[in-house]
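For reference, upload_26.pdb (PDB, C-alpha atoms and all ligand atoms):
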MODEL        1
ATOM      1  CA  MET A 375       6.877  80.573 -42.965
ATOM      2  CA  ILE A 376       5.152  83.950 -43.375
ATOM      3  CA  HIS A 377       2.560  82.797 -40.843
ATOM      4  CA  ASP A 378       5.364  81.951 -38.370
ATOM      5  CA  VAL A 379       6.995  85.362 -38.896
ATOM      6  CA  ILE A 380       3.700  87.200 -38.339
ATOM      7  CA  THR A 381       2.859  85.144 -35.217
ATOM      8  CA  LEU A 382       6.346  85.662 -33.727
ATOM      9  CA  THR A 383       6.226  89.405 -34.511
ATOM     10  CA  ILE A 384       2.822  89.851 -32.870
ATOM     11  CA  ASN A 385       3.708  87.756 -29.805
ATOM     12  CA  SER A 386       6.996  89.511 -29.064
ATOM     13  CA  TYR A 387       5.519  92.978 -29.729
ATOM     14  CA  VAL A 388       2.526  92.373 -27.462
ATOM     15  CA  ALA A 389       4.926  91.184 -24.717
ATOM     16  CA  TYR A 390       7.005  94.360 -25.235
ATOM     17  CA  LEU A 391       3.901  96.594 -25.082
ATOM     18  CA  PHE A 392       2.716  94.888 -21.910
ATOM     19  CA  ILE A 393       6.080  95.340 -20.154
ATOM     20  CA  VAL A 394       6.403  98.956 -21.340
ATOM     21  CA  LEU A 395       2.892  99.684 -20.063
ATOM     22  CA  ILE A 396       3.689  98.286 -16.606
ATOM     23  CA  GLY A 397       7.086 100.035 -16.610
ATOM     24  CA  ARG A 398       5.538 103.365 -17.636
ATOM     25  CA  LEU A 399       2.951 103.139 -14.853
ATOM     26  CA  ILE A 400       5.791 102.761 -12.344
ATOM     27  CA  GLU A 401       7.920 105.481 -14.011
ATOM     28  CA  GLY A 402       4.889 107.790 -14.266
ATOM     29  CA  TRP A 403       4.344 107.424 -10.541
ATOM     30  CA  ALA A 404       7.991 108.395  -9.922
ATOM     31  CA  ASN A 405       8.604 111.095 -12.567
ATOM     32  CA  LYS A 406       6.897 113.873 -14.506
ATOM     33  CA  VAL A 407       6.031 113.394 -18.195
ATOM     34  CA  ASN A 408       7.391 115.933 -20.696
ATOM     35  CA  ILE A 409       7.274 116.332 -24.480
ATOM     36  CA  ASN A 410      10.797 114.923 -24.860
ATOM     37  CA  LEU A 411       9.681 111.733 -23.133
ATOM     38  CA  LEU A 412       6.542 111.416 -25.262
ATOM     39  CA  ASN A 413       8.607 111.781 -28.458
ATOM     40  CA  SER A 414      11.056 109.195 -27.147
ATOM     41  CA  ILE A 415       8.338 106.658 -26.349
ATOM     42  CA  GLY A 416       6.631 107.249 -29.713
ATOM     43  CA  LEU A 417       9.838 106.463 -31.598
ATOM     44  CA  ASN A 418      10.758 103.537 -29.345
ATOM     45  CA  LEU A 419       7.367 101.887 -29.912
ATOM     46  CA  ARG A 420       7.917 102.098 -33.683
ATOM     47  CA  CYS A 421      11.540 100.861 -33.439
ATOM     48  CA  ALA A 422      10.367  97.933 -31.299
ATOM     49  CA  LEU A 423       7.753  96.932 -33.889
ATOM     50  CA  LEU A 424      10.376  96.955 -36.662
ATOM     51  CA  ASN A 425      12.714  94.963 -34.405
ATOM     52  CA  ALA A 426       9.993  92.428 -33.573
ATOM     53  CA  LEU A 427       9.520  91.883 -37.319
ATOM     54  CA  THR A 428      13.247  91.608 -38.156
ATOM     55  CA  GLN A 429      13.803  89.328 -35.140
ATOM     56  CA  ALA A 430      10.963  87.064 -36.236
ATOM     57  CA  ILE A 431      12.460  86.869 -39.757
ATOM     58  CA  THR A 432      15.911  86.170 -38.253
ATOM     59  CA  LEU A 433      14.550  83.488 -35.911
ATOM     60  CA  THR A 434      12.850  81.831 -38.873
ATOM     61  CA  VAL A 435      15.809  81.988 -41.268
ATOM     62  CA  VAL A 436      18.983  81.946 -39.138
ATOM     63  CA  PRO A 437      18.345  78.669 -37.227
ATOM     64  CA  VAL A 438      19.014  76.864 -40.512
ATOM     65  CA  VAL A 439      22.433  78.566 -40.745
ATOM     66  CA  THR A 440      23.081  78.038 -37.020
ATOM     67  CA  VAL A 441      22.191  74.331 -37.064
ATOM     68  CA  VAL A 442      24.501  73.724 -40.056
ATOM     69  CA  THR A 443      27.368  75.554 -38.321
ATOM     70  CA  VAL A 444      26.798  73.898 -34.946
ATOM     71  CA  ASN A 445      26.620  70.453 -36.567
ATOM     72  CA  ALA A 446      29.804  71.160 -38.541
ATOM     73  CA  ALA A 447      31.545  72.123 -35.284
ATOM     74  CA  GLY A 448      30.526  68.892 -33.572
ATOM     75  CA  GLY A 449      27.220  70.182 -32.207
ATOM     76  CA  GLY A 450      27.132  71.507 -28.651
ATOM     77  CA  TRP A 451      30.377  70.434 -26.959
ATOM     78  CA  LEU A 452      28.988  70.699 -23.425
ATOM     79  CA  VAL A 453      25.698  68.911 -22.814
ATOM     80  CA  LEU A 454      23.820  70.698 -20.022
ATOM     81  CA  PRO A 455      21.496  68.641 -17.777
ATOM     82  CA  SER A 456      17.774  69.128 -18.315
ATOM     83  CA  SER A 457      16.510  68.205 -14.828
ATOM     84  CA  GLY A 458      17.515  67.432 -11.243
ATOM     85  CA  TRP A 459      19.624  69.470  -8.876
ATOM     86  CA  MET A 460      22.280  70.095 -11.559
ATOM     87  CA  LEU A 461      19.824  72.240 -13.514
ATOM     88  CA  PHE A 462      20.491  75.328 -11.374
ATOM     89  CA  PRO A 463      24.329  75.345 -11.576
ATOM     90  CA  ALA A 464      24.033  74.492 -15.289
ATOM     91  CA  PHE A 465      21.748  77.482 -15.782
ATOM     92  CA  LEU A 466      24.193  79.746 -13.912
ATOM     93  CA  LEU A 467      27.056  78.536 -16.112
ATOM     94  CA  TYR A 468      25.004  79.162 -19.256
ATOM     95  CA  ALA A 469      23.748  82.591 -18.086
ATOM     96  CA  PHE A 470      27.205  83.832 -17.023
ATOM     97  CA  THR A 471      28.831  82.596 -20.240
ATOM     98  CA  MET A 472      26.181  84.152 -22.490
ATOM     99  CA  ASP A 473      26.298  87.398 -20.490
ATOM    100  CA  PHE A 474      30.075  87.411 -20.962
ATOM    101  CA  PHE A 475      29.528  87.144 -24.742
ATOM    102  CA  GLU A 476      26.989  89.991 -24.513
ATOM    103  CA  TYR A 477      29.620  92.026 -22.647
ATOM    104  CA  LEU A 478      32.240  91.376 -25.368
ATOM    105  CA  PHE A 479      29.741  92.222 -28.108
ATOM    106  CA  HIS A 480      28.835  95.452 -26.326
ATOM    107  CA  ARG A 481      32.514  96.390 -25.965
ATOM    108  CA  ALA A 482      32.927  95.799 -29.717
ATOM    109  CA  GLN A 483      29.919  98.019 -30.386
ATOM    110  CA  HIS A 484      31.687 100.897 -28.657
ATOM    111  CA  ARG A 485      35.126 100.139 -30.152
ATOM    112  CA  ILE A 486      34.489  99.291 -33.836
ATOM    113  CA  PRO A 487      33.256 102.324 -35.833
ATOM    114  CA  ILE A 488      30.702 100.477 -38.003
ATOM    115  CA  MET A 489      29.247  98.799 -34.916
ATOM    116  CA  TRP A 490      29.111 102.086 -33.020
ATOM    117  CA  ALA A 491      27.355 103.621 -36.033
ATOM    118  CA  MET A 492      24.539 101.124 -35.342
ATOM    119  CA  HIS A 493      24.670 100.973 -31.533
ATOM    120  CA  SER A 494      24.652 104.767 -31.143
ATOM    121  CA  LEU A 495      20.935 104.538 -32.006
ATOM    122  CA  HIS A 496      20.406 102.881 -28.613
ATOM    123  CA  HIS A 497      22.352 105.730 -26.985
ATOM    124  CA  SER A 498      20.439 108.474 -28.815
ATOM    125  CA  ASP A 499      17.563 108.538 -26.328
ATOM    126  CA  SER A 500      17.840 111.679 -24.212
ATOM    127  CA  ALA A 501      14.750 110.660 -22.228
ATOM    128  CA  MET A 502      15.825 107.107 -21.407
ATOM    129  CA  ASN A 503      12.941 105.040 -20.070
ATOM    130  CA  VAL A 504      11.658 101.470 -20.053
ATOM    131  CA  SER A 505      10.760 101.623 -23.778
ATOM    132  CA  THR A 506      14.403 102.466 -24.677
ATOM    133  CA  THR A 507      15.242  98.798 -24.034
ATOM    134  CA  HIS A 508      14.291  97.895 -27.600
ATOM    135  CA  ARG A 509      15.657 101.016 -29.332
ATOM    136  CA  HIS A 510      18.303  98.984 -31.151
ATOM    137  CA  HIS A 511      19.127  98.935 -34.840
ATOM    138  CA  CYS A 512      16.962  96.397 -36.665
ATOM    139  CA  ALA A 513      20.033  94.481 -37.970
ATOM    140  CA  GLU A 514      21.572  93.970 -34.524
ATOM    141  CA  PHE A 515      19.728  90.774 -33.599
ATOM    142  CA  ALA A 516      20.732  89.131 -36.890
ATOM    143  CA  ILE A 517      24.395  90.045 -36.287
ATOM    144  CA  LYS A 518      24.255  88.616 -32.750
ATOM    145  CA  SER A 519      22.587  85.466 -34.090
ATOM    146  CA  ILE A 520      25.483  84.654 -36.388
ATOM    147  CA  THR A 521      28.165  85.648 -33.856
ATOM    148  CA  ILE A 522      27.694  85.317 -30.087
ATOM    149  CA  TYR A 523      24.481  83.253 -30.161
ATOM    150  CA  MET A 524      26.045  80.862 -32.660
ATOM    151  CA  VAL A 525      29.182  80.505 -30.512
ATOM    152  CA  GLY A 526      26.901  79.810 -27.524
ATOM    153  CA  GLY A 527      25.179  77.109 -29.598
ATOM    154  CA  ILE A 528      28.529  75.557 -30.518
ATOM    155  CA  ILE A 529      29.690  75.448 -26.881
ATOM    156  CA  PHE A 530      26.470  74.396 -25.163
ATOM    157  CA  LYS A 531      23.816  71.851 -25.899
ATOM    158  CA  ALA A 532      21.224  73.659 -23.767
ATOM    159  CA  ASN A 533      17.728  72.279 -23.291
ATOM    160  CA  SER A 534      14.532  74.313 -23.433
ATOM    161  CA  SER A 535      14.365  74.731 -19.604
ATOM    162  CA  ILE A 536      17.740  76.497 -19.501
ATOM    163  CA  MET A 537      17.064  78.519 -22.652
ATOM    164  CA  GLY A 538      13.638  79.524 -21.284
ATOM    165  CA  LEU A 539      15.127  80.614 -17.943
ATOM    166  CA  TYR A 540      17.766  82.643 -19.786
ATOM    167  CA  VAL A 541      15.102  84.421 -21.861
ATOM    168  CA  LEU A 542      13.191  85.152 -18.640
ATOM    169  CA  ILE A 543      16.204  86.565 -16.779
ATOM    170  CA  ASN A 544      16.897  88.873 -19.722
ATOM    171  CA  PHE A 545      13.605  90.654 -19.088
ATOM    172  CA  PHE A 546      15.661  92.265 -16.320
ATOM    173  CA  ASN A 547      17.003  94.533 -19.087
ATOM    174  CA  PHE A 548      13.709  96.436 -19.038
ATOM    175  CA  PHE A 549      14.235  97.209 -15.360
ATOM    176  CA  ALA A 550      17.824  98.378 -15.991
ATOM    177  CA  HIS A 551      16.568 100.924 -18.564
ATOM    178  CA  MET A 552      13.837 102.365 -16.371
ATOM    179  CA  ASN A 553      13.974 106.001 -15.365
ATOM    180  CA  LEU A 554      13.992 105.277 -11.660
ATOM    181  CA  ARG A 555      16.278 106.478  -8.924
ATOM    182  CA  VAL A 556      17.184 102.934  -8.015
ATOM    183  CA  GLY A 557      20.708 101.680  -7.420
ATOM    184  CA  PHE A 558      21.946  98.900  -5.235
ATOM    185  CA  GLY A 559      24.444 100.942  -3.197
ATOM    186  CA  ARG A 560      27.332  98.858  -1.992
ATOM    187  CA  TRP A 561      25.731  95.797  -3.622
ATOM    188  CA  TRP A 562      26.145  97.383  -7.086
ATOM    189  CA  MET A 563      28.409  94.495  -8.156
ATOM    190  CA  VAL A 564      25.690  91.857  -7.800
ATOM    191  CA  ILE A 565      23.468  92.801 -10.740
ATOM    192  CA  ASN A 566      22.796  95.696 -13.127
ATOM    193  CA  SER A 567      20.460  98.460 -11.932
ATOM    194  CA  PRO A 568      18.711 101.552 -13.396
ATOM    195  CA  GLN A 569      21.401 103.783 -11.862
ATOM    196  CA  TYR A 570      24.343 101.619 -12.978
ATOM    197  CA  HIS A 571      23.046 101.363 -16.573
ATOM    198  CA  ARG A 572      22.085 105.048 -16.698
ATOM    199  CA  ILE A 573      25.777 105.847 -16.187
ATOM    200  CA  HIS A 574      26.459 103.794 -19.346
ATOM    201  CA  HIS A 575      23.892 105.919 -21.237
ATOM    202  CA  SER A 576      25.254 109.190 -19.816
ATOM    203  CA  SER A 577      25.997 112.025 -22.250
ATOM    204  CA  LEU A 578      28.774 113.273 -19.947
ATOM    205  CA  ARG A 579      32.322 112.528 -21.048
ATOM    206  CA  GLU A 580      33.453 111.273 -17.633
ATOM    207  CA  HIS A 581      30.996 108.380 -17.940
ATOM    208  CA  TRP A 582      31.941 107.183 -21.419
ATOM    209  CA  ASP A 583      33.085 103.610 -22.003
ATOM    210  CA  CYS A 584      32.067 102.121 -18.688
ATOM    211  CA  ASN A 585      29.344  99.880 -17.196
ATOM    212  CA  PHE A 586      28.969  97.699 -20.304
ATOM    213  CA  CYS A 587      27.471  94.670 -18.584
ATOM    214  CA  GLY A 588      24.123  93.216 -19.551
ATOM    215  CA  LEU A 589      23.203  91.481 -16.307
ATOM    216  CA  PHE A 590      26.332  90.979 -14.222
ATOM    217  CA  PRO A 591      28.674  93.918 -13.362
ATOM    218  CA  ILE A 592      31.355  91.367 -12.436
ATOM    219  CA  PHE A 593      32.537  91.510 -16.080
ATOM    220  CA  ASP A 594      33.050  95.284 -15.761
ATOM    221  CA  VAL A 595      35.061  94.565 -12.616
ATOM    222  CA  ILE A 596      37.234  91.905 -14.310
ATOM    223  CA  PHE A 597      37.992  94.150 -17.309
ATOM    224  CA  HIS A 598      38.213  97.412 -15.303
ATOM    225  CA  THR A 599      35.310  99.091 -17.078
ATOM    226  CA  PHE A 600      33.210  99.766 -14.010
ATOM    227  CA  TYR A 601      32.131 103.141 -12.662
ATOM    228  CA  ILE A 602      30.531 103.024  -9.241
ATOM    229  CA  PRO A 603      27.682 105.556  -9.235
ATOM    230  CA  LYS A 604      27.845 108.117  -6.477
ATOM    231  CA  LYS A 605      24.868 108.591  -4.229
ATOM    232  CA  ASP A 606      22.159 110.514  -6.162
ATOM    233  CA  GLU A 607      24.217 110.421  -9.380
ATOM    234  CA  TYR A 608      21.690 110.206 -12.236
ATOM    235  CA  PRO A 609      23.272 111.991 -15.246
ATOM    236  CA  PRO A 610      21.512 113.194 -18.409
ATOM    237  CA  THR A 611      21.386 110.577 -21.178
ATOM    238  CA  GLY A 612      21.785 110.714 -24.962
ATOM    239  CA  LEU A 613      24.600 111.342 -27.406
ATOM    240  CA  ASP A 614      26.982 114.194 -26.611
ATOM    241  CA  THR A 615      26.233 115.634 -30.075
ATOM    242  CA  GLY A 616      22.531 115.688 -29.255
ATOM    243  CA  GLU A 617      21.762 113.674 -32.407
ATOM    244  CA  TYR A 618      18.578 111.657 -32.490
ATOM    245  CA  PRO A 619      16.491 110.114 -35.274
ATOM    246  CA  SER A 620      13.422 112.093 -36.257
ATOM    247  CA  GLY A 621      11.458 108.997 -37.210
ATOM    248  CA  LEU A 622      11.493 105.289 -37.978
ATOM    249  CA  ILE A 623      13.002 105.660 -41.456
ATOM    250  CA  GLU A 624      15.924 107.641 -40.062
ATOM    251  CA  ALA A 625      16.318 105.067 -37.268
ATOM    252  CA  ALA A 626      16.365 102.212 -39.802
ATOM    253  CA  PHE A 627      19.085 103.979 -41.827
ATOM    254  CA  TRP A 628      20.803 105.395 -38.712
ATOM    255  CA  PRO A 629      24.284 103.934 -39.479
ATOM    256  CA  LEU A 630      24.281 105.958 -42.719
ATOM    257  CA  ARG A 631      23.398 109.197 -40.976
ATOM    258  CA  SER A 632      26.710 110.889 -41.761
ATOM    259  CA  LEU A 633      25.389 110.944 -45.325
ATOM    260  CA  TRP A 634      22.088 112.309 -44.065
ATOM    261  CA  ARG A 635      22.030 116.068 -44.428
ATOM    262  CA  GLY A 636      20.571 117.995 -41.536
ATOM    263  CA  ALA A 637      20.664 115.397 -38.750
ATOM    264  CA  LYS A 638      18.583 116.552 -35.802
ATOM    265  CA  ILE A 639      20.153 117.959 -32.686
ATOM    266  CA  ILE A 640      18.606 119.067 -29.444
ATOM    267  CA  ASP A 641      20.709 122.085 -28.525
ATOM    268  CA  GLY A 642      23.227 124.240 -30.289
ATOM    269  CA  ALA A 643      24.313 124.220 -33.904
ATOM    270  CA  ASN A 644      23.889 121.434 -36.434
ATOM    271  CA  VAL A 645      26.915 119.173 -36.267
ATOM    272  CA  GLU A 646      26.549 117.478 -39.649
TER
HETATM  273 ZN    ZN A 701      26.358 100.916 -25.174
HETATM  274 ZN    ZN A 702      21.041 100.336 -22.671
ENDMDL
END

Before we go any further, please render this structure as structure tokens.
Amino acid sequence: MIHDVITLTINSYVAYLFIVLIGRLIEGWANKVNINLLNSIGLNLRCALLNALTQAITLTVVPVVTVVTVNAAGGGWLVLPSSGWMLFPAFLLYAFTMDFFEYLFHRAQHRIPIMWAMHSLHHSDSAMNVSTTHRHHCAEFAIKSITIYMVGGIIFKANSSIMGLYVLINFFNFFAHMNLRVGFGRWWMVINSPQYHRIHHSSLREHWDCNFCGLFPIFDVIFHTFYIPKKDEYPPTGLDTGEYPSGLIEAAFWPLRSLWRGAKIIDGANVE
């Protein structure tokens, strides 16, 4: 088991480093580097390593819980085809449903105080870039595994082709977090973009609580949480309080930060 955890941790972290390296090369070509960005990347690399470890532990332990629950619920109500021409529509159904669950989870993260206490770590990056993609609290994956991922497992009996394609399409998240002046103009509704997701990370009040989607903005349209970015609208990112974790330990205990004396801020007076 420990061997599995170590192998999973190394594999997912190496994949993350590779994507961040490619993303940074592209971002570096488009933008200047500053000290704020270097600090951000340094922390994000450490957060991602902790997340790779906690995800590997979760993936090793939680499947036992998930399988028991899914079996108790009748085990995958909808059997998705594994080959033939039906594979593509089946994948679309799976991807849209899971992205809908991601949307609901994200809404809950902004609505429920304890969940916002965790998720605000992701929003604390004032120099949002490709590495911000994995600046999430280390407990988040475990919580998703026993909520939305488990519900997905109860609804669908998905084969490895569909699951693999879904993992692949989620690499798009790295693109959405990149610091690039890329939006899709009047096609904004088709899929998330760096501009559309930057609005979600904006520190400006007029952008709060909008553009929650993971992959498909259609869910923002259905629930009226969309904000169509204006041409050349690329707002500053980060928390309005300017709070950010000074290191990995503070990031790991981020939800308890109100107890943490002297939380860091970028500008102005200490808010704690
Ligand atoms: Zn958010
Ligand atoms: Zn984000």

Just to confirm, what's the straight-line distance from atom CA of A:Tyr477 to atom CA of A:Gly588 in Å (one decimal)? 6.4 Å

Please write as an MDAnalysis selection string the full residue list that the PyMOL selection byres (((chain A and resi 426) around 9) and not hetatm) yields on this file. chainID A and resid 382:387 421:425 427:431 512

Identify all residues satisfying the PyMOL selection byres (((not hetatm)) within 10 of (chain A and resi 702)) in the given file; provide them as a PyMOL selection string. chain A and resi 480+493+496-497+499+502-504+506-510+547-548+550-552+568+571-575+585-588

Output the residue selection produced by the PyMOL selection byres (((chain A and resi 577) around 12) and not hetatm) on the file above, formatted as a ChimeraX atom specification. /A:494,497-502,572-576,578-583,608-617

Using all atoms listed in the file for the distances, tell me which of A:Ile543, A:Ile623, A:Met489, A:Ala513 is nearest to ligand ZN 701 (chain A). A:Met489

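Picture a line from atom CA of A:Ile565 to atom CA of A:Phe590; it runs 4.9 Å.
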
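The smallest atom-to-atom distance between A:Val442 and any of A:Asp606, A:Ile528, A:Arg560, A:Phe593, using all atoms listed in the file, is found for A:Ile528.
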
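The smallest atom-to-atom distance between A:Phe515 and any of A:Leu433, A:Ala469, A:Asn410, A:Phe600, using all atoms listed in the file, is found for A:Leu433.
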
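Taking only C-alpha atoms, the non-local environment of A:Gly449 within 12 Å (same-chain residues fewer than 4 positions away omitted) comprises Thr440, Val441, Val442, Thr443, Val444, Asn445, Val453, Met524, Val525, Gly526, Gly527, Ile528, Ile529, Phe530, Lys531 and Ala532 of chain A.
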
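Take atom CA of A:Phe479 and atom CA of A:Pro463: the distance between them is 24.2 Å.
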
Measuring between only C-alpha atoms and all ligand atoms, which one of A:Cys584, A:Gly557, A:Ala389, A:Gly448 shows the shortest distance to ligand ZN 701 (chain A)? A:Cys584

Using only C-alpha atoms and all ligand atoms, can you tell me which of A:Phe558, A:Trp490, A:Phe627, A:Phe549 comes closest to ligand ZN 701 (chain A)? A:Trp490

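Of the listed residues A:Ala482, A:Ala464, A:Val439, A:Leu419, the one whose atoms come nearest to A:Ile536 is A:Ala464, with distances taken using all atoms listed in the file.
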
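Neighbourhood of point (29.2, 84.7, -24.9): residues with an atom at most 8 Å away, counting all atoms listed in the file, are Thr471, Met472, Asp473, Phe474, Phe475, Glu476, Tyr477, Leu478, Ile522, Tyr523, Val525 and Gly526 of chain A.
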